[in-house]
>>> print(open('query05.cif').read())   # mmCIF, C-alpha atoms
data_upload
#
loop_
_atom_site.group_PDB
_atom_site.id
_atom_site.type_symbol
_atom_site.label_atom_id
_atom_site.label_comp_id
_atom_site.auth_asym_id
_atom_site.auth_seq_id
_atom_site.Cartn_x
_atom_site.Cartn_y
_atom_site.Cartn_z
ATOM 1 C CA MET A 1 -3.234 -12.056 12.958
ATOM 2 C CA MET A 2 -4.375 -14.513 15.536
ATOM 3 C CA ARG A 3 -1.690 -14.227 18.146
ATOM 4 C CA ASN A 4 -3.033 -14.002 21.704
ATOM 5 C CA LYS A 5 -6.561 -14.241 20.336
ATOM 6 C CA GLN A 6 -6.407 -10.527 19.591
ATOM 7 C CA TYR A 7 -8.269 -11.015 16.338
ATOM 8 C CA ASP A 8 -11.521 -10.121 18.068
ATOM 9 C CA ILE A 9 -10.268 -6.697 19.189
ATOM 10 C CA LYS A 10 -11.897 -3.990 17.098
ATOM 11 C CA PRO A 11 -9.761 -1.302 15.465
ATOM 12 C CA GLU A 12 -10.047 2.241 16.834
ATOM 13 C CA GLU A 13 -10.506 5.446 14.837
ATOM 14 C CA LEU A 14 -7.569 7.874 14.796
ATOM 15 C CA SER A 15 -8.245 11.528 15.589
ATOM 16 C CA PHE A 16 -7.593 14.142 12.896
ATOM 17 C CA ASN A 17 -4.438 15.221 14.737
ATOM 18 C CA ASP A 18 -3.155 11.656 14.974
ATOM 19 C CA CYS A 19 -3.785 11.216 11.241
ATOM 20 C CA CYS A 20 -1.749 14.347 10.454
ATOM 21 C CA THR A 21 1.049 13.250 12.793
ATOM 22 C CA LEU A 22 1.313 9.886 11.079
ATOM 23 C CA LEU A 23 1.320 11.576 7.650
ATOM 24 C CA SER A 24 4.071 13.938 8.806
ATOM 25 C CA ASN A 25 6.234 11.192 10.279
ATOM 26 C CA GLN A 26 6.329 8.765 7.377
ATOM 27 C CA TYR A 27 8.227 8.904 4.087
ATOM 28 C CA TYR A 28 6.510 6.310 1.914
ATOM 29 C CA GLY A 29 2.897 5.562 1.128
ATOM 30 C CA ARG A 30 0.869 3.471 -1.300
ATOM 31 C CA LEU A 31 -1.022 5.202 -4.030
ATOM 32 C CA GLY A 32 -4.297 3.567 -5.032
ATOM 33 C CA MET A 33 -5.676 4.365 -8.476
ATOM 34 C CA SER A 34 -8.417 2.875 -10.582
ATOM 35 C CA LEU A 35 -9.076 2.567 -14.292
ATOM 36 C CA ASN A 36 -12.361 1.012 -15.409
ATOM 37 C CA ASN A 37 -12.745 -0.325 -11.867
ATOM 38 C CA GLN A 38 -9.411 -2.188 -12.062
ATOM 39 C CA PRO A 39 -7.408 -1.092 -9.000
ATOM 40 C CA TYR A 40 -3.696 -0.315 -9.260
ATOM 41 C CA VAL A 41 -1.407 0.278 -6.250
ATOM 42 C CA VAL A 42 2.185 1.494 -6.191
ATOM 43 C CA PRO A 43 4.519 2.527 -3.384
ATOM 44 C CA MET A 44 5.638 6.141 -3.610
ATOM 45 C CA SER A 45 7.723 8.467 -1.530
ATOM 46 C CA TYR A 46 5.861 11.608 -0.557
ATOM 47 C CA VAL A 47 5.881 14.695 1.554
ATOM 48 C CA TYR A 48 2.887 16.143 3.394
ATOM 49 C CA SER A 49 2.564 19.850 4.030
ATOM 50 C CA ASP A 50 -0.428 22.022 4.915
ATOM 51 C CA GLY A 51 -3.153 19.709 3.657
ATOM 52 C CA ILE A 52 -1.297 18.806 0.465
ATOM 53 C CA ILE A 53 0.334 15.494 -0.437
ATOM 54 C CA TYR A 54 3.261 15.923 -2.869
ATOM 55 C CA LEU A 55 4.467 13.031 -5.015
ATOM 56 C CA HIS A 56 6.666 12.954 -8.080
ATOM 57 C CA SER A 57 7.368 10.604 -10.954
ATOM 58 C CA CYS A 58 8.854 10.473 -14.397
ATOM 59 C CA ARG A 59 6.788 11.974 -17.190
ATOM 60 C CA ASP A 60 5.244 8.841 -18.617
ATOM 61 C CA GLY A 61 4.295 5.347 -17.562
ATOM 62 C CA LYS A 62 1.248 3.407 -16.482
ATOM 63 C CA LYS A 63 0.356 5.504 -13.439
ATOM 64 C CA ILE A 64 0.443 8.762 -15.407
ATOM 65 C CA LYS A 65 -1.920 7.270 -18.007
ATOM 66 C CA ILE A 66 -4.313 6.131 -15.285
ATOM 67 C CA ILE A 67 -4.281 9.502 -13.506
ATOM 68 C CA GLU A 68 -4.941 11.330 -16.761
ATOM 69 C CA ASN A 69 -8.072 9.167 -17.103
ATOM 70 C CA ASN A 70 -9.112 9.189 -13.450
ATOM 71 C CA PRO A 71 -7.409 11.646 -11.079
ATOM 72 C CA GLN A 72 -9.419 10.444 -8.045
ATOM 73 C CA ILE A 73 -7.063 8.507 -5.772
ATOM 74 C CA CYS A 74 -6.619 7.005 -2.333
ATOM 75 C CA PHE A 75 -3.200 7.551 -0.778
ATOM 76 C CA GLU A 76 -2.517 5.192 2.107
ATOM 77 C CA VAL A 77 0.194 5.733 4.732
ATOM 78 C CA ASP A 78 0.774 3.316 7.545
ATOM 79 C CA PHE A 79 2.948 2.285 10.412
ATOM 80 C CA LEU A 80 3.178 -1.464 10.948
ATOM 81 C CA ASP A 81 5.083 -3.600 13.372
ATOM 82 C CA ASN A 82 4.636 -7.174 14.517
ATOM 83 C CA ASN A 83 2.049 -6.269 17.110
ATOM 84 C CA ASN A 84 0.292 -3.105 16.004
ATOM 85 C CA TRP A 85 -0.803 -1.243 12.941
ATOM 86 C CA ALA A 86 -1.981 2.279 12.203
ATOM 87 C CA SER A 87 -3.159 3.442 8.827
ATOM 88 C CA VAL A 88 -4.264 6.761 7.370
ATOM 89 C CA LEU A 89 -6.268 7.031 4.151
ATOM 90 C CA THR A 90 -6.395 10.297 2.263
ATOM 91 C CA TYR A 91 -8.652 10.962 -0.699
ATOM 92 C CA GLY A 92 -8.628 13.618 -3.367
ATOM 93 C CA LYS A 93 -7.823 14.429 -6.966
ATOM 94 C CA ILE A 94 -4.302 14.540 -8.348
ATOM 95 C CA LYS A 95 -3.102 17.573 -10.286
ATOM 96 C CA LEU A 96 -0.068 16.909 -12.491
ATOM 97 C CA ASN A 97 2.392 19.709 -13.255
ATOM 98 C CA ASN A 98 5.916 19.911 -14.531
ATOM 99 C CA ASN A 99 6.418 23.637 -14.314
ATOM 100 C CA VAL A 100 9.142 25.068 -12.133
ATOM 101 C CA GLU A 101 6.652 26.511 -9.613
ATOM 102 C CA ALA A 102 5.215 23.078 -8.823
ATOM 103 C CA LYS A 103 8.712 21.622 -8.463
ATOM 104 C CA GLN A 104 9.623 24.476 -6.152
ATOM 105 C CA ARG A 105 6.495 23.887 -4.004
ATOM 106 C CA MET A 106 7.542 20.259 -3.523
ATOM 107 C CA PHE A 107 11.119 21.173 -2.657
ATOM 108 C CA ASP A 108 9.842 23.793 -0.225
ATOM 109 C CA ALA A 109 7.729 21.118 1.435
ATOM 110 C CA PHE A 110 10.788 18.886 1.758
ATOM 111 C CA ASN A 111 12.851 21.753 3.090
ATOM 112 C CA ASN A 112 10.150 22.690 5.599
ATOM 113 C CA LYS A 113 10.206 19.137 6.846
ATOM 114 C CA GLY A 114 13.968 19.363 7.324
ATOM 115 C CA ILE A 115 14.581 16.173 5.419
ATOM 116 C CA GLN A 116 18.225 15.414 4.884
ATOM 117 C CA GLY A 117 19.254 13.513 1.798
ATOM 118 C CA HIS A 118 15.744 13.085 0.479
ATOM 119 C CA GLY A 119 15.516 16.234 -1.516
ATOM 120 C CA GLY A 120 16.535 18.302 1.488
ATOM 121 C CA LYS A 121 19.209 20.113 -0.474
ATOM 122 C CA ARG A 122 18.305 23.670 -1.447
ATOM 123 C CA TYR A 123 18.440 23.573 -5.222
ATOM 124 C CA LYS A 124 18.742 26.709 -7.312
ATOM 125 C CA ARG A 125 15.799 27.647 -9.484
ATOM 126 C CA LYS A 126 17.671 26.796 -12.680
ATOM 127 C CA GLU A 127 18.518 23.344 -11.292
ATOM 128 C CA VAL A 128 14.894 22.737 -10.327
ATOM 129 C CA LYS A 129 13.710 23.860 -13.749
ATOM 130 C CA ARG A 130 15.988 21.326 -15.451
ATOM 131 C CA MET A 131 14.733 18.355 -13.416
ATOM 132 C CA ASP A 132 12.791 16.113 -15.711
ATOM 133 C CA PHE A 133 9.887 14.860 -13.647
ATOM 134 C CA VAL A 134 6.247 15.517 -12.933
ATOM 135 C CA ILE A 135 4.904 16.827 -9.638
ATOM 136 C CA TRP A 136 1.736 15.237 -8.299
ATOM 137 C CA GLU A 137 -0.213 17.458 -5.915
ATOM 138 C CA MET A 138 -3.276 16.366 -4.027
ATOM 139 C CA GLU A 139 -5.328 18.625 -1.823
ATOM 140 C CA ILE A 140 -6.736 16.241 0.781
ATOM 141 C CA GLN A 141 -10.535 16.168 0.508
ATOM 142 C CA GLU A 142 -11.101 13.475 3.111
ATOM 143 C CA ILE A 143 -8.888 11.830 5.703
ATOM 144 C CA THR A 144 -9.556 8.829 7.937
ATOM 145 C CA GLY A 145 -7.345 6.727 10.162
ATOM 146 C CA ARG A 146 -7.487 3.598 12.247
ATOM 147 C CA LYS A 147 -5.240 1.626 14.510
ATOM 148 C CA GLY A 148 -5.381 -1.886 15.831
ATOM 149 C CA VAL A 149 -3.499 -5.035 16.703
ATOM 150 C CA TRP A 150 -2.797 -7.834 14.252
ATOM 151 C CA MET B 151 13.856 10.521 -4.211
ATOM 152 C CA MET B 152 16.541 12.811 -5.424
ATOM 153 C CA ARG B 153 19.542 11.677 -3.442
ATOM 154 C CA ASN B 154 22.705 11.254 -5.525
ATOM 155 C CA LYS B 155 20.772 12.253 -8.621
ATOM 156 C CA GLN B 156 19.472 8.686 -8.799
ATOM 157 C CA TYR B 157 16.056 9.909 -9.862
ATOM 158 C CA ASP B 158 17.021 9.348 -13.478
ATOM 159 C CA ILE B 159 17.803 5.647 -12.973
ATOM 160 C CA LYS B 160 15.031 3.564 -14.512
ATOM 161 C CA PRO B 161 13.410 0.795 -12.463
ATOM 162 C CA GLU B 162 14.091 -2.806 -13.522
ATOM 163 C CA GLU B 163 11.536 -5.568 -13.992
ATOM 164 C CA LEU B 164 11.631 -8.433 -11.471
ATOM 165 C CA SER B 165 11.644 -12.003 -12.795
ATOM 166 C CA PHE B 166 8.714 -14.283 -11.969
ATOM 167 C CA ASN B 167 10.890 -16.128 -9.456
ATOM 168 C CA ASP B 168 11.967 -12.910 -7.766
ATOM 169 C CA CYS B 169 8.307 -11.850 -7.541
ATOM 170 C CA CYS B 170 7.386 -15.141 -5.837
ATOM 171 C CA THR B 171 10.347 -14.878 -3.463
ATOM 172 C CA LEU B 172 9.301 -11.392 -2.377
ATOM 173 C CA LEU B 173 5.690 -12.570 -1.905
ATOM 174 C CA SER B 174 6.920 -15.497 0.202
ATOM 175 C CA ASN B 175 9.210 -13.391 2.369
ATOM 176 C CA GLN B 176 6.822 -10.639 3.399
ATOM 177 C CA TYR B 177 3.956 -10.641 5.895
ATOM 178 C CA TYR B 178 1.977 -7.519 5.042
ATOM 179 C CA GLY B 179 0.682 -6.080 1.813
ATOM 180 C CA ARG B 180 -1.687 -3.359 0.634
ATOM 181 C CA LEU B 181 -4.982 -4.337 -0.878
ATOM 182 C CA GLY B 182 -6.260 -2.043 -3.615
ATOM 183 C CA MET B 183 -9.985 -2.123 -4.342
ATOM 184 C CA SER B 184 -12.279 0.090 -6.362
ATOM 185 C CA LEU B 185 -15.931 1.006 -6.203
ATOM 186 C CA ASN B 186 -17.352 3.232 -8.944
ATOM 187 C CA ASN B 187 -13.760 4.107 -9.846
ATOM 188 C CA GLN B 188 -13.041 5.397 -6.331
ATOM 189 C CA PRO B 189 -9.878 3.572 -5.170
ATOM 190 C CA TYR B 190 -9.576 2.222 -1.628
ATOM 191 C CA VAL B 191 -6.358 0.840 -0.105
ATOM 192 C CA VAL B 192 -5.858 -0.968 3.189
ATOM 193 C CA PRO B 193 -2.883 -2.746 4.729
ATOM 194 C CA MET B 194 -3.527 -6.438 5.364
ATOM 195 C CA SER B 195 -1.505 -9.363 6.628
ATOM 196 C CA TYR B 196 -1.434 -12.240 4.179
ATOM 197 C CA VAL B 197 0.100 -15.554 3.341
ATOM 198 C CA TYR B 198 1.075 -16.704 -0.149
ATOM 199 C CA SER B 199 1.030 -20.358 -1.101
ATOM 200 C CA ASP B 200 0.990 -22.100 -4.501
ATOM 201 C CA GLY B 201 -0.344 -19.222 -6.537
ATOM 202 C CA ILE B 202 -2.957 -18.194 -3.966
ATOM 203 C CA ILE B 203 -2.978 -15.112 -1.732
ATOM 204 C CA TYR B 204 -4.870 -15.682 1.538
ATOM 205 C CA LEU B 205 -6.231 -12.777 3.560
ATOM 206 C CA HIS B 206 -8.793 -12.646 6.319
ATOM 207 C CA SER B 207 -11.057 -10.086 7.925
ATOM 208 C CA CYS B 208 -14.084 -9.737 10.099
ATOM 209 C CA ARG B 209 -17.416 -10.470 8.462
ATOM 210 C CA ASP B 210 -18.556 -6.951 7.698
ATOM 211 C CA GLY B 211 -17.131 -3.536 7.036
ATOM 212 C CA LYS B 212 -16.314 -1.270 4.137
ATOM 213 C CA LYS B 213 -13.888 -3.579 2.358
ATOM 214 C CA ILE B 214 -16.321 -6.506 2.397
ATOM 215 C CA LYS B 215 -19.011 -4.290 0.852
ATOM 216 C CA ILE B 216 -16.626 -3.139 -1.871
ATOM 217 C CA ILE B 217 -15.469 -6.684 -2.679
ATOM 218 C CA GLU B 218 -19.049 -7.906 -2.897
ATOM 219 C CA ASN B 219 -19.578 -5.223 -5.549
ATOM 220 C CA ASN B 220 -16.245 -5.569 -7.318
ATOM 221 C CA PRO B 221 -14.049 -8.582 -6.511
ATOM 222 C CA GLN B 222 -11.273 -7.490 -8.901
ATOM 223 C CA ILE B 223 -8.320 -6.311 -6.832
ATOM 224 C CA CYS B 224 -4.657 -5.381 -6.897
ATOM 225 C CA PHE B 225 -2.616 -6.709 -3.987
ATOM 226 C CA GLU B 226 0.702 -4.935 -3.584
ATOM 227 C CA VAL B 227 3.644 -6.276 -1.573
ATOM 228 C CA ASP B 228 6.887 -4.400 -1.256
ATOM 229 C CA PHE B 229 10.228 -4.159 0.407
ATOM 230 C CA LEU B 230 11.427 -0.609 1.040
ATOM 231 C CA ASP B 231 14.483 0.824 2.681
ATOM 232 C CA ASN B 232 16.098 4.230 2.508
ATOM 233 C CA ASN B 233 17.991 3.434 -0.679
ATOM 234 C CA ASN B 234 16.078 0.778 -2.581
ATOM 235 C CA TRP B 235 12.598 -0.418 -3.264
ATOM 236 C CA ALA B 236 11.079 -3.560 -4.742
ATOM 237 C CA SER B 237 7.387 -4.029 -5.350
ATOM 238 C CA VAL B 238 5.215 -6.885 -6.587
ATOM 239 C CA LEU B 239 1.693 -6.359 -7.895
ATOM 240 C CA THR B 240 -0.716 -9.268 -8.090
ATOM 241 C CA TYR B 241 -4.106 -9.132 -9.761
ATOM 242 C CA GLY B 242 -7.129 -11.362 -9.541
ATOM 243 C CA LYS B 243 -10.607 -11.788 -8.130
ATOM 244 C CA ILE B 244 -11.324 -12.307 -4.449
ATOM 245 C CA LYS B 245 -13.491 -15.215 -3.313
ATOM 246 C CA LEU B 246 -14.965 -14.779 0.169
ATOM 247 C CA ASN B 247 -15.726 -17.825 2.316
ATOM 248 C CA ASN B 248 -16.350 -18.454 5.968
ATOM 249 C CA ASN B 249 -16.672 -22.202 5.888
ATOM 250 C CA VAL B 250 -14.289 -24.351 7.887
ATOM 251 C CA GLU B 251 -12.550 -25.681 4.744
ATOM 252 C CA ALA B 252 -11.483 -22.207 3.661
ATOM 253 C CA LYS B 253 -10.260 -21.413 7.174
ATOM 254 C CA GLN B 254 -8.318 -24.677 7.194
ATOM 255 C CA ARG B 255 -6.712 -23.869 3.812
ATOM 256 C CA MET B 256 -5.456 -20.573 5.207
ATOM 257 C CA PHE B 257 -4.116 -22.182 8.374
ATOM 258 C CA ASP B 258 -2.418 -24.867 6.268
ATOM 259 C CA ALA B 259 -0.751 -22.113 4.237
ATOM 260 C CA PHE B 260 0.487 -20.498 7.458
ATOM 261 C CA ASN B 261 1.680 -23.836 8.784
ATOM 262 C CA ASN B 262 3.460 -24.653 5.524
ATOM 263 C CA LYS B 263 5.286 -21.364 5.809
ATOM 264 C CA GLY B 264 6.395 -22.307 9.319
ATOM 265 C CA ILE B 265 5.204 -19.005 10.749
ATOM 266 C CA GLN B 266 5.474 -18.796 14.504
ATOM 267 C CA GLY B 267 2.991 -16.682 16.400
ATOM 268 C CA HIS B 268 1.143 -15.488 13.322
ATOM 269 C CA GLY B 269 -1.414 -18.232 13.105
ATOM 270 C CA GLY B 270 1.333 -20.849 13.121
ATOM 271 C CA LYS B 271 -0.339 -22.796 15.888
ATOM 272 C CA ARG B 272 -2.053 -25.992 14.741
ATOM 273 C CA TYR B 273 -5.655 -25.392 15.690
ATOM 274 C CA LYS B 274 -8.150 -28.218 15.978
ATOM 275 C CA ARG B 275 -10.951 -28.349 13.426
ATOM 276 C CA LYS B 276 -13.554 -27.401 16.018
ATOM 277 C CA GLU B 277 -11.476 -24.372 17.045
ATOM 278 C CA VAL B 278 -11.102 -23.294 13.412
ATOM 279 C CA LYS B 279 -14.825 -23.722 12.806
ATOM 280 C CA ARG B 280 -15.626 -21.393 15.710
ATOM 281 C CA MET B 281 -13.376 -18.565 14.485
ATOM 282 C CA ASP B 282 -15.569 -15.727 13.401
ATOM 283 C CA PHE B 283 -13.898 -14.303 10.334
ATOM 284 C CA VAL B 284 -14.002 -14.426 6.579
ATOM 285 C CA ILE B 285 -11.283 -15.938 4.417
ATOM 286 C CA TRP B 286 -10.299 -14.021 1.288
ATOM 287 C CA GLU B 287 -8.715 -16.188 -1.400
ATOM 288 C CA MET B 288 -7.260 -14.854 -4.620
ATOM 289 C CA GLU B 289 -5.861 -17.025 -7.358
ATOM 290 C CA ILE B 290 -3.205 -14.804 -8.935
ATOM 291 C CA GLN B 291 -4.150 -14.069 -12.550
ATOM 292 C CA GLU B 292 -1.281 -11.700 -13.247
ATOM 293 C CA ILE B 293 1.903 -10.819 -11.408
ATOM 294 C CA THR B 294 4.454 -8.096 -12.101
ATOM 295 C CA GLY B 295 7.369 -6.721 -10.139
ATOM 296 C CA ARG B 296 9.891 -3.923 -10.278
ATOM 297 C CA LYS B 297 12.830 -2.713 -8.286
ATOM 298 C CA GLY B 298 14.666 0.566 -8.226
ATOM 299 C CA VAL B 299 16.375 3.211 -6.160
ATOM 300 C CA TRP B 300 14.603 6.170 -4.574
#
>>> encode(input="query05.cif", output="structure tokens")
Amino acid sequence: MMRNKQYDIKPEELSFNDCCTLLSNQYYGRLGMSLNNQPYVVPMSYVYSDGIIYLHSCRDGKKIKIIENNPQICFEVDFLDNNNWASVLTYGKIKLNNNVEAKQRMFDAFNNKGIQGHGGKRYKRKEVKRMDFVIWEMEIQEITGRKGVW
Amino acid sequence: MMRNKQYDIKPEELSFNDCCTLLSNQYYGRLGMSLNNQPYVVPMSYVYSDGIIYLHSCRDGKKIKIIENNPQICFEVDFLDNNNWASVLTYGKIKLNNNVEAKQRMFDAFNNKGIQGHGGKRYKRKEVKRMDFVIWEMEIQEITGRKGVW
């Protein structure tokens, strides 16, 4: 915003490493989808591991219908405070799976991150198999990041 | 997320009033755009007043080019903590203006909200006229909201 006349300060590009650090440090992002050029944005929890963004959802609903029509997405992750902002945009195609292997890949990513509470528990394979949700996996095709002051 | 097995709790719809309250209480949102069905999402500060979302940006850049091609957007505002989430989606078409009247409307919206620091200063008309940015105005055509637990 306009505080301290900082509105004329240009944003800076983030390096690839800074983009990955921000992705690794955050827990929530905003998923941008599009159907017939109508954008749709929802907040989702995620985990990032080795070039892959993992999301999950229930098996039906508006976002599943959109992804089945157009898997190309933009997943945005940011860090905002009153003075500064940093934002990373990742692009790619979503693959939906509800098999036990996909669920296990997501749990492994959570476990690798050492997240407590948020899926950090080591579930048994039969527990994972029973869980009734869909895994969203996106191999990042393009990543960009910027930071600036409000 | 999967804590306390709450992943099987369905989200609830927010009432219209709850949607407007969330819009009024927050300062940042995520703007979803689309060009040739490629989604694009950026965080933006905003102010909501009387059915209008006001944003602003510099005069050129990727998001301006996209909006000039496709003004239909989804502006998402949320409140997230470790346990709960609430999210409001607004839809409409962006109108871009850089005349002094549009700038004044945005400043009036900030002033009406009583925001300190973030544009809350009462600028003189000649100061507003000189400010080199574009005002984005969206009359909300559709609004929906949901809340849930991670």
>>> atom_distance(input="query05.cif", atom1="atom CA of B:Ser184", atom2="atom CA of A:Gly51")
23.8 Å
>>> closest_atom_pairs(input="query05.cif", of="chain B", to="chain A", cutoff="8 Å", atoms="all atoms listed in the file", output="JSON lines")
{"residue": "B:Met151", "atom": "CA", "partner": "A:His118", "partner_atom": "CA", "distance": 5.7}
{"residue": "B:Met152", "atom": "CA", "partner": "A:Gly119", "partner_atom": "CA", "distance": 5.3}
{"residue": "B:Arg153", "atom": "CA", "partner": "A:Gly117", "partner_atom": "CA", "distance": 5.6}
{"residue": "B:Arg180", "atom": "CA", "partner": "A:Arg30", "partner_atom": "CA", "distance": 7.5}
{"residue": "B:Leu181", "atom": "CA", "partner": "A:Val41", "partner_atom": "CA", "distance": 7.9}
{"residue": "B:Gly182", "atom": "CA", "partner": "A:Pro39", "partner_atom": "CA", "distance": 5.6}
{"residue": "B:Met183", "atom": "CA", "partner": "A:Pro39", "partner_atom": "CA", "distance": 5.4}
{"residue": "B:Ser184", "atom": "CA", "partner": "A:Asn37", "partner_atom": "CA", "distance": 5.5}
{"residue": "B:Leu185", "atom": "CA", "partner": "A:Asn37", "partner_atom": "CA", "distance": 6.6}
{"residue": "B:Asn186", "atom": "CA", "partner": "A:Asn37", "partner_atom": "CA", "distance": 6.5}
{"residue": "B:Asn187", "atom": "CA", "partner": "A:Asn37", "partner_atom": "CA", "distance": 5.0}
{"residue": "B:Gln188", "atom": "CA", "partner": "A:Gln72", "partner_atom": "CA", "distance": 6.4}
{"residue": "B:Pro189", "atom": "CA", "partner": "A:Met33", "partner_atom": "CA", "distance": 5.4}
{"residue": "B:Tyr190", "atom": "CA", "partner": "A:Cys74", "partner_atom": "CA", "distance": 5.7}
{"residue": "B:Val191", "atom": "CA", "partner": "A:Gly32", "partner_atom": "CA", "distance": 6.0}
{"residue": "B:Val192", "atom": "CA", "partner": "A:Glu76", "partner_atom": "CA", "distance": 7.1}
{"residue": "B:Pro193", "atom": "CA", "partner": "A:Ser87", "partner_atom": "CA", "distance": 7.4}
{"residue": "B:Ser195", "atom": "CA", "partner": "A:Met1", "partner_atom": "CA", "distance": 7.1}
{"residue": "B:Asn220", "atom": "CA", "partner": "A:Asn37", "partner_atom": "CA", "distance": 7.8}
{"residue": "B:Gln222", "atom": "CA", "partner": "A:Gln38", "partner_atom": "CA", "distance": 6.4}
{"residue": "B:Ile223", "atom": "CA", "partner": "A:Pro39", "partner_atom": "CA", "distance": 5.7}
{"residue": "B:Cys224", "atom": "CA", "partner": "A:Pro39", "partner_atom": "CA", "distance": 5.5}
{"residue": "B:Phe225", "atom": "CA", "partner": "A:Val41", "partner_atom": "CA", "distance": 7.4}
{"residue": "B:Glu226", "atom": "CA", "partner": "A:Val41", "partner_atom": "CA", "distance": 6.2}
{"residue": "B:Asp228", "atom": "CA", "partner": "A:Pro43", "partner_atom": "CA", "distance": 7.6}
{"residue": "B:Ser237", "atom": "CA", "partner": "A:Pro43", "partner_atom": "CA", "distance": 7.4}
{"residue": "B:Leu239", "atom": "CA", "partner": "A:Val41", "partner_atom": "CA", "distance": 7.5}
{"residue": "B:Gly267", "atom": "CA", "partner": "A:Arg3", "partner_atom": "CA", "distance": 5.6}
{"residue": "B:His268", "atom": "CA", "partner": "A:Met1", "partner_atom": "CA", "distance": 5.6}
{"residue": "B:Gly269", "atom": "CA", "partner": "A:Met2", "partner_atom": "CA", "distance": 5.3}
{"residue": "B:Trp300", "atom": "CA", "partner": "A:Ser45", "partner_atom": "CA", "distance": 7.9}
>>> resolve_selection(input="query05.cif", expression="the PyMOL selection byres ((chain A and resi 138) around 7)", output="ChimeraX atom specification")
/A:52-54,92-95,136-137,139-140
>>> residues_near_point(input="query05.cif", point="(5.7, -8.8, -10.4)", cutoff="9 Å", atoms="all atoms listed in the file", output="VMD selection string")
chain B and resid 163 to 166 168 to 170 237 to 240 292 to 296
>>> closest_residue(input="query05.cif", among="B:Asn219, B:Asn175, B:Gln254, B:Asn261", to="B:Val284", atoms="only C-alpha atoms")
B:Gln254
>>> closest_residue(input="query05.cif", among="B:Ile285, B:Tyr273, B:Asn234, B:Lys263", to="B:Pro161", atoms="all atoms listed in the file")
B:Asn234
>>> atom_distance(input="query05.cif", atom1="atom CA of B:Asn167", atom2="atom CA of B:Gly298")
17.2 Å
>>> atom_distance(input="query05.cif", atom1="atom CA of A:Leu23", atom2="atom CA of A:Ser49")
9.1 Å
>>> closest_residue(input="query05.cif", among="B:Asn247, B:Lys212, B:Ile217, B:Asn262", to="B:Val197", atoms="all atoms listed in the file")
B:Asn262
>>> decode(input="query05.cif", residues="stretch 229-242 of chain B", atoms="N, CA and C atoms", output="mmCIF file, in the first residue's frame")
data_model
loop_
_atom_site.group_PDB
_atom_site.id
_atom_site.type_symbol
_atom_site.label_atom_id
_atom_site.label_comp_id
_atom_site.auth_asym_id
_atom_site.auth_seq_id
_atom_site.Cartn_x
_atom_site.Cartn_y
_atom_site.Cartn_z
ATOM 1 N N PHE B 229 -9.301 -16.564 5.893
ATOM 2 C CA PHE B 229 -8.739 -16.504 7.236
ATOM 3 C C PHE B 229 -8.332 -17.933 7.577
ATOM 4 N N LEU B 230 -7.050 -18.137 7.824
ATOM 5 C CA LEU B 230 -6.544 -19.483 8.100
ATOM 6 C C LEU B 230 -5.811 -19.490 9.424
ATOM 7 N N ASP B 231 -6.047 -20.509 10.238
ATOM 8 C CA ASP B 231 -5.097 -20.770 11.314
ATOM 9 C C ASP B 231 -4.821 -22.271 11.325
ATOM 10 N N ASN B 232 -4.151 -22.736 12.352
ATOM 11 C CA ASN B 232 -3.721 -24.140 12.311
ATOM 12 C C ASN B 232 -4.884 -25.124 12.389
ATOM 13 N N ASN B 233 -6.017 -24.664 12.915
ATOM 14 C CA ASN B 233 -7.143 -25.570 13.097
ATOM 15 C C ASN B 233 -8.272 -25.347 12.097
ATOM 16 N N ASN B 234 -8.515 -24.095 11.757
ATOM 17 C CA ASN B 234 -9.719 -23.732 11.019
ATOM 18 C C ASN B 234 -9.387 -22.922 9.782
ATOM 19 N N TRP B 235 -10.295 -22.935 8.851
ATOM 20 C CA TRP B 235 -10.171 -22.055 7.704
ATOM 21 C C TRP B 235 -11.552 -21.513 7.337
ATOM 22 N N ALA B 236 -11.550 -20.303 6.786
ATOM 23 C CA ALA B 236 -12.757 -19.726 6.201
ATOM 24 C C ALA B 236 -12.311 -19.009 4.939
ATOM 25 N N SER B 237 -13.111 -19.090 3.912
ATOM 26 C CA SER B 237 -12.703 -18.552 2.618
ATOM 27 C C SER B 237 -13.915 -17.969 1.905
ATOM 28 N N VAL B 238 -13.735 -16.801 1.331
ATOM 29 C CA VAL B 238 -14.795 -16.153 0.551
ATOM 30 C C VAL B 238 -14.305 -15.991 -0.882
ATOM 31 N N LEU B 239 -15.116 -16.384 -1.825
ATOM 32 C CA LEU B 239 -14.800 -16.187 -3.241
ATOM 33 C C LEU B 239 -15.762 -15.159 -3.819
ATOM 34 N N THR B 240 -15.192 -14.163 -4.473
ATOM 35 C CA THR B 240 -16.026 -13.174 -5.168
ATOM 36 C C THR B 240 -15.688 -13.241 -6.656
ATOM 37 N N TYR B 241 -16.721 -13.024 -7.458
ATOM 38 C CA TYR B 241 -16.567 -13.099 -8.911
ATOM 39 C C TYR B 241 -17.102 -11.831 -9.537
ATOM 40 N N GLY B 242 -16.475 -11.433 -10.621
ATOM 41 C CA GLY B 242 -16.954 -10.267 -11.358
ATOM 42 C C GLY B 242 -15.947 -9.889 -12.420
#
